[in-house]
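With mmCIF, C-alpha atoms and all ligand atoms inside, this is structure_33.cif:
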data_start
#
loop_
_atom_site.label_atom_id
_atom_site.label_comp_id
_atom_site.auth_asym_id
_atom_site.auth_seq_id
_atom_site.Cartn_x
_atom_site.Cartn_y
_atom_site.Cartn_z
CA MET A 1 11.60 -19.47 -6.19
CA ALA A 2 10.38 -20.11 -2.64
CA ARG A 3 6.62 -19.95 -2.31
CA PRO A 4 3.97 -20.67 0.33
CA GLY A 5 3.03 -24.35 0.07
CA ARG A 6 1.17 -26.77 2.33
CA ILE A 7 -1.14 -25.09 4.84
CA LEU A 8 -0.08 -25.93 8.40
CA ILE A 9 -2.67 -23.87 10.27
CA SER A 10 -5.84 -22.96 8.39
CA GLU A 11 -7.99 -19.86 8.87
CA PRO A 12 -10.71 -21.78 10.80
CA GLU A 13 -8.07 -23.39 13.02
CA LEU A 14 -6.56 -19.98 13.78
CA LYS A 15 -9.95 -18.50 14.56
CA ALA A 16 -10.95 -21.35 16.86
CA ARG A 17 -7.70 -21.43 18.82
CA ILE A 18 -7.47 -17.64 19.15
CA GLY A 19 -11.04 -17.68 20.44
CA GLU A 20 -9.90 -20.08 23.17
CA LEU A 21 -6.90 -17.90 24.00
CA GLY A 22 -9.18 -14.87 24.22
CA ALA A 23 -11.36 -16.73 26.72
CA ASP A 24 -8.24 -17.67 28.73
CA LEU A 25 -7.24 -14.00 28.89
CA ALA A 26 -10.72 -12.97 29.99
CA ARG A 27 -10.59 -15.59 32.76
CA ASP A 28 -7.11 -14.54 33.94
CA TYR A 29 -7.32 -10.74 33.57
CA GLY A 30 -11.03 -10.02 33.70
CA ARG A 31 -11.23 -9.54 37.45
CA GLY A 32 -7.85 -7.86 37.93
CA PRO A 33 -7.47 -4.53 39.70
CA SER A 34 -6.53 -2.75 36.48
CA SER A 35 -6.61 -3.34 32.76
CA PRO A 36 -3.57 -5.05 31.22
CA ILE A 37 -1.23 -3.55 28.63
CA VAL A 38 -1.04 -5.92 25.67
CA VAL A 39 2.34 -5.50 23.97
CA GLY A 40 2.72 -6.73 20.40
CA VAL A 41 6.23 -7.56 19.19
CA LEU A 42 6.79 -6.15 15.72
CA GLN A 43 6.63 -7.03 13.06
CA GLY A 44 5.41 -10.60 13.04
CA ALA A 45 2.78 -10.38 15.78
CA PHE A 46 0.61 -7.66 14.25
CA LEU A 47 -2.09 -9.94 12.77
CA PHE A 48 -2.22 -12.28 15.77
CA MET A 49 -2.39 -9.31 18.12
CA ALA A 50 -5.28 -7.77 16.17
CA ASP A 51 -7.29 -10.98 16.26
CA LEU A 52 -6.40 -11.83 19.87
CA VAL A 53 -7.54 -8.51 21.33
CA ARG A 54 -10.82 -8.80 19.41
CA ALA A 55 -11.32 -12.29 20.82
CA THR A 56 -11.24 -11.22 24.45
CA GLN A 57 -13.97 -9.26 26.16
CA ILE A 58 -11.91 -7.31 28.69
CA ASP A 59 -10.74 -3.73 28.99
CA LEU A 60 -7.15 -3.46 27.81
CA THR A 61 -4.55 -1.08 26.44
CA THR A 62 -2.37 -1.87 23.44
CA ASP A 63 1.21 -0.94 22.70
CA PHE A 64 3.98 -2.25 20.46
CA ILE A 65 7.69 -2.87 20.70
CA GLY A 66 10.02 -3.46 17.76
CA VAL A 67 13.07 -5.67 18.13
CA VAL A 68 15.70 -6.92 15.72
CA SER A 69 18.30 -9.58 16.15
CA TYR A 70 21.90 -8.73 15.26
CA ALA A 71 22.32 -12.32 14.31
CA GLY A 72 21.37 -12.60 10.65
CA ALA A 73 20.25 -16.11 9.81
CA GLN A 74 21.63 -17.71 12.97
CA SER A 75 19.99 -16.40 16.11
CA SER A 76 22.72 -15.29 18.55
CA GLY A 77 20.59 -13.71 21.21
CA HIS A 78 21.96 -10.24 20.55
CA VAL A 79 18.71 -8.36 20.36
CA ARG A 80 18.14 -4.64 20.05
CA ILE A 81 15.02 -2.55 20.57
CA VAL A 82 14.42 -0.46 17.46
CA SER A 83 11.03 0.93 18.46
CA ASP A 84 10.24 1.20 22.15
CA LEU A 85 6.93 1.18 24.03
CA SER A 86 5.06 4.46 24.11
CA MET A 87 4.11 4.20 27.80
CA SER A 88 5.43 3.22 31.20
CA ILE A 89 4.63 -0.34 32.31
CA GLU A 90 5.64 0.20 35.94
CA GLY A 91 3.07 -1.36 38.24
CA ARG A 92 0.96 -2.62 35.32
CA ASP A 93 -0.07 -6.09 34.20
CA VAL A 94 1.75 -6.70 30.91
CA LEU A 95 1.01 -9.37 28.33
CA VAL A 96 3.63 -9.78 25.60
CA VAL A 97 2.21 -11.09 22.33
CA GLU A 98 4.72 -12.85 20.05
CA ASP A 99 4.19 -14.68 16.79
CA ILE A 100 6.82 -17.38 17.31
CA VAL A 101 9.32 -18.73 19.80
CA ASP A 102 12.20 -20.49 18.13
CA THR A 103 15.52 -20.54 20.03
CA GLY A 104 13.88 -18.49 22.80
CA LEU A 105 16.69 -15.93 22.76
CA THR A 106 14.57 -12.96 21.63
CA LEU A 107 11.91 -13.55 24.24
CA THR A 108 14.46 -14.11 26.98
CA TYR A 109 16.00 -10.73 26.19
CA LEU A 110 12.61 -9.07 25.96
CA LYS A 111 11.36 -10.48 29.25
CA ARG A 112 14.54 -9.41 31.04
CA THR A 113 14.28 -5.92 29.57
CA LEU A 114 10.63 -5.49 30.47
CA GLU A 115 11.02 -6.99 33.98
CA ALA A 116 13.63 -4.29 34.67
CA ARG A 117 10.83 -1.73 34.24
CA HIS A 118 8.95 -3.24 37.19
CA PRO A 119 5.58 -4.29 35.82
CA ARG A 120 3.11 -5.74 38.35
CA SER A 121 3.01 -8.92 36.29
CA LEU A 122 4.52 -10.05 33.00
CA ARG A 123 3.11 -12.89 30.94
CA VAL A 124 3.70 -14.10 27.41
CA CYS A 125 1.25 -15.27 24.76
CA VAL A 126 2.76 -16.87 21.67
CA LEU A 127 0.95 -18.08 18.59
CA VAL A 128 3.43 -20.71 17.48
CA ASP A 129 5.99 -22.63 19.51
CA LYS A 130 8.80 -24.33 17.56
CA VAL A 131 9.87 -26.23 20.62
CA GLU A 132 12.41 -28.45 18.82
CA ARG A 133 14.60 -25.41 18.16
CA ARG A 134 14.79 -24.14 21.74
CA LYS A 135 18.24 -23.12 23.02
CA VAL A 136 17.18 -21.45 26.24
CA ASP A 137 14.30 -22.28 28.50
CA VAL A 138 11.79 -19.45 28.49
CA GLY A 139 8.46 -19.47 30.29
CA LEU A 140 5.37 -19.24 28.06
CA ASP A 141 2.00 -18.59 29.66
CA TYR A 142 -0.27 -19.05 26.63
CA VAL A 143 0.62 -21.05 23.50
CA GLY A 144 -1.53 -21.29 20.40
CA PHE A 145 0.11 -24.11 18.47
CA THR A 146 3.23 -26.25 18.65
CA ILE A 147 4.73 -26.90 15.23
CA PRO A 148 7.66 -28.91 13.85
CA ASN A 149 10.88 -27.30 12.66
CA VAL A 150 9.69 -26.02 9.29
CA PHE A 151 10.00 -22.50 7.85
CA VAL A 152 6.56 -20.95 8.02
CA VAL A 153 5.03 -18.02 6.16
CA GLY A 154 1.70 -16.23 6.37
CA TYR A 155 -0.37 -14.72 9.17
CA GLY A 156 2.51 -12.40 10.12
CA PHE A 157 5.38 -14.74 9.18
CA ASP A 158 7.53 -13.56 6.29
CA TYR A 159 10.08 -14.82 3.83
CA GLU A 160 12.30 -11.92 2.76
CA GLY A 161 9.52 -9.51 3.72
CA LEU A 162 6.79 -11.28 1.74
CA TYR A 163 3.68 -13.33 2.61
CA ARG A 164 2.90 -11.79 6.01
CA ASN A 165 -0.58 -10.95 4.70
CA LEU A 166 -1.72 -14.52 4.00
CA PRO A 167 -4.68 -15.37 6.25
CA TYR A 168 -3.24 -18.80 7.16
CA VAL A 169 0.12 -20.29 8.16
CA ALA A 170 1.85 -22.30 5.44
CA ALA A 171 5.16 -24.09 4.97
CA LEU A 172 7.62 -22.37 2.67
CA GLU A 173 8.40 -24.65 -0.26
CA GLY A 174 10.89 -24.64 -3.10
CA GLU A 175 13.69 -22.81 -1.33
C1 LIG B 1 10.92 -13.72 14.97
C2 LIG B 1 9.87 -13.70 16.07
C3 LIG B 1 10.67 -13.54 17.31
C4 LIG B 1 11.96 -14.24 16.97
C5 LIG B 1 11.97 -15.59 17.59
O1 LIG B 1 11.20 -12.43 14.59
O2 LIG B 1 8.95 -12.68 15.91
O3 LIG B 1 10.85 -12.19 17.65
O4 LIG B 1 12.05 -14.35 15.55
O5 LIG B 1 13.19 -16.23 17.37
P1 LIG B 1 14.09 -16.75 18.56
O6 LIG B 1 13.20 -17.49 19.53
O7 LIG B 1 15.06 -17.67 17.87
O8 LIG B 1 14.77 -15.59 19.18
P2 LIG B 1 11.90 -12.04 13.21
O9 LIG B 1 13.36 -11.81 13.46
O10 LIG B 1 11.54 -13.06 12.17
O11 LIG B 1 11.26 -10.63 12.89
P3 LIG B 1 9.76 -10.23 12.47
O12 LIG B 1 8.88 -10.48 13.68
O13 LIG B 1 9.87 -8.78 12.15
O14 LIG B 1 9.37 -11.08 11.28
#
If you took the structure in this file and wrote it as structure tokens, what would it be?
Amino acid sequence: MARPGRILISEPELKARIGELGADLARDYGRGPSSPIVVGVLQGAFLFMADLVRATQIDLTTDFIGVVSYAGAQSSGHVRIVSDLSMSIEGRDVLVVEDIVDTGLTLTYLKRTLEARHPRSLRVCVLVDKVERRKVDVGLDYVGFTIPNVFVVGYGFDYEGLYRNLPYVAALEGE
């Protein structure tokens, strides 16, 4: 039975790094002409998003977008929106918040889709970058942590729907 094992990113490490990201956002968006729309990508980003927006002292709006990959285990880049944004992003500053970038295919699709809606700016903030697994080059504006190619659970990351609620990121063991 696969279970969460070794902790890769502890609660204090998450808190400290997200605090830094929050300060980066305040620096980059704080003096803008309008407040940004922070878009969380469901499901995995919900915990990171909640902590990130509380770590930045700027006016902002939140929204969510749900995507699934057609791919099954192997990411193919065929991505589908299952739950769309609730508002227009035309002319707005948009910050996409993702939990992980692996092959980069999901984010590439998402960026292309959102760019077509003509935001004023579009940036990406990702908690975890599994850079070894990248198949397509995708621009990341804010990165929390770079990790090796291990299956992670906790803090939004699941294994068969479980363990998203752990307050830290751990390696899955015993699979
Ligand atoms: C994860 C993650 C990204 C995608 C990244 O989602 O949230 O959306 O995979 O992989 P890629 O770079 O190879 O495209 P997942 O399918 O695990 O769904 P979830 O967020 O609902 O857990």
Counting all atoms listed in the file, which residues in chain A sit no more than 6 Å from ligand LIG 1 (chain B)? For each one, give the nearest pair of atoms and the distance in Å, sorted by chain then residue number, as JSON lines.
{"residue": "A:Leu42", "atom": "CA", "partner": "B:LIG1", "partner_atom": "O12", "distance": 5.2}
{"residue": "A:Gln43", "atom": "CA", "partner": "B:LIG1", "partner_atom": "O13", "distance": 3.8}
{"residue": "A:Gly44", "atom": "CA", "partner": "B:LIG1", "partner_atom": "O12", "distance": 3.5}
{"residue": "A:Val68", "atom": "CA", "partner": "B:LIG1", "partner_atom": "O9", "distance": 5.9}
{"residue": "A:Ser75", "atom": "CA", "partner": "B:LIG1", "partner_atom": "O7", "distance": 5.4}
{"residue": "A:Glu98", "atom": "CA", "partner": "B:LIG1", "partner_atom": "O2", "distance": 5.9}
{"residue": "A:Asp99", "atom": "CA", "partner": "B:LIG1", "partner_atom": "O2", "distance": 5.2}
{"residue": "A:Ile100", "atom": "CA", "partner": "B:LIG1", "partner_atom": "C2", "distance": 4.9}
{"residue": "A:Val101", "atom": "CA", "partner": "B:LIG1", "partner_atom": "O6", "distance": 4.1}
{"residue": "A:Asp102", "atom": "CA", "partner": "B:LIG1", "partner_atom": "O6", "distance": 3.5}
{"residue": "A:Thr103", "atom": "CA", "partner": "B:LIG1", "partner_atom": "O7", "distance": 3.6}
{"residue": "A:Gly104", "atom": "CA", "partner": "B:LIG1", "partner_atom": "O6", "distance": 3.5}
{"residue": "A:Leu105", "atom": "CA", "partner": "B:LIG1", "partner_atom": "O8", "distance": 4.1}
{"residue": "A:Thr106", "atom": "CA", "partner": "B:LIG1", "partner_atom": "O8", "distance": 3.6}
{"residue": "A:Phe157", "atom": "CA", "partner": "B:LIG1", "partner_atom": "O14", "distance": 5.8}
{"residue": "A:Asp158", "atom": "CA", "partner": "B:LIG1", "partner_atom": "O14", "distance": 5.9}
| Best match for closeness to Leu95 (chain A) among A:Glu20, A:Glu11, A:Asp28, A:Glu132, counting all atoms listed in the file |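 That would be A:Asp28, the residue with the smallest distance to Leu95 (chain A).
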| task | Would you kindly return, as number ranges by chain, each protein, DNA or RNA residue with an atom no farther than 9 Å from any atom of region 147-149 of chain A, considering only C-alpha atoms and excluding same-chain residues fewer than 3 positions away? | result | A: 8, 102, 128-133, 152
| said: Could you check the closest approach to Leu107 (chain A) for each of A:Ala170, A:Val53, A:Leu47, A:Val138 and tell me which residue wins, using all atoms listed in the file? | reply: A:Val138
| request: Considering all atoms listed in the file, state which residue in the set A:Thr108, A:Pro36, A:Thr61, A:Ala26 is at the smallest distance from Ser86 (chain A). | output: A:Thr61
| Closest to Arg17 (chain A) among A:Leu127, A:Ala45, A:Gly174, A:Gly91, using all atoms listed in the file? |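 That would be A:Leu127, the residue with the smallest distance to Arg17 (chain A).
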Kindly list the centre and edge lengths in Å, rounded to one decimal, for the axis-aligned box that covers all listed atoms of region 6-21 of chain A plus 3 Å on each of its six sides, as AutoDock Vina command-line options.
--center_x -4.9 --center_y -22.2 --center_z 13.2 --size_x 18.2 --size_y 15.1 --size_z 27.7
| task | Between A:Ala55, A:Ala2, A:Val79, A:Val39, single out the one closest to Gly19 (chain A), counting all atoms listed in the file. | result |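 For Gly19 (chain A), the nearest of the given residues is A:Ala55.
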| query | Distance CA of Tyr142 (chain A)-CA of Tyr168 (chain A), one decimal place? | reply |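 The value is 19.7 Å.
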| Residue nearest Phe48 (chain A) - candidates A:Met87, A:Leu172, A:Leu122, A:Leu166, atoms counted: only C-alpha atoms | A:Leu166
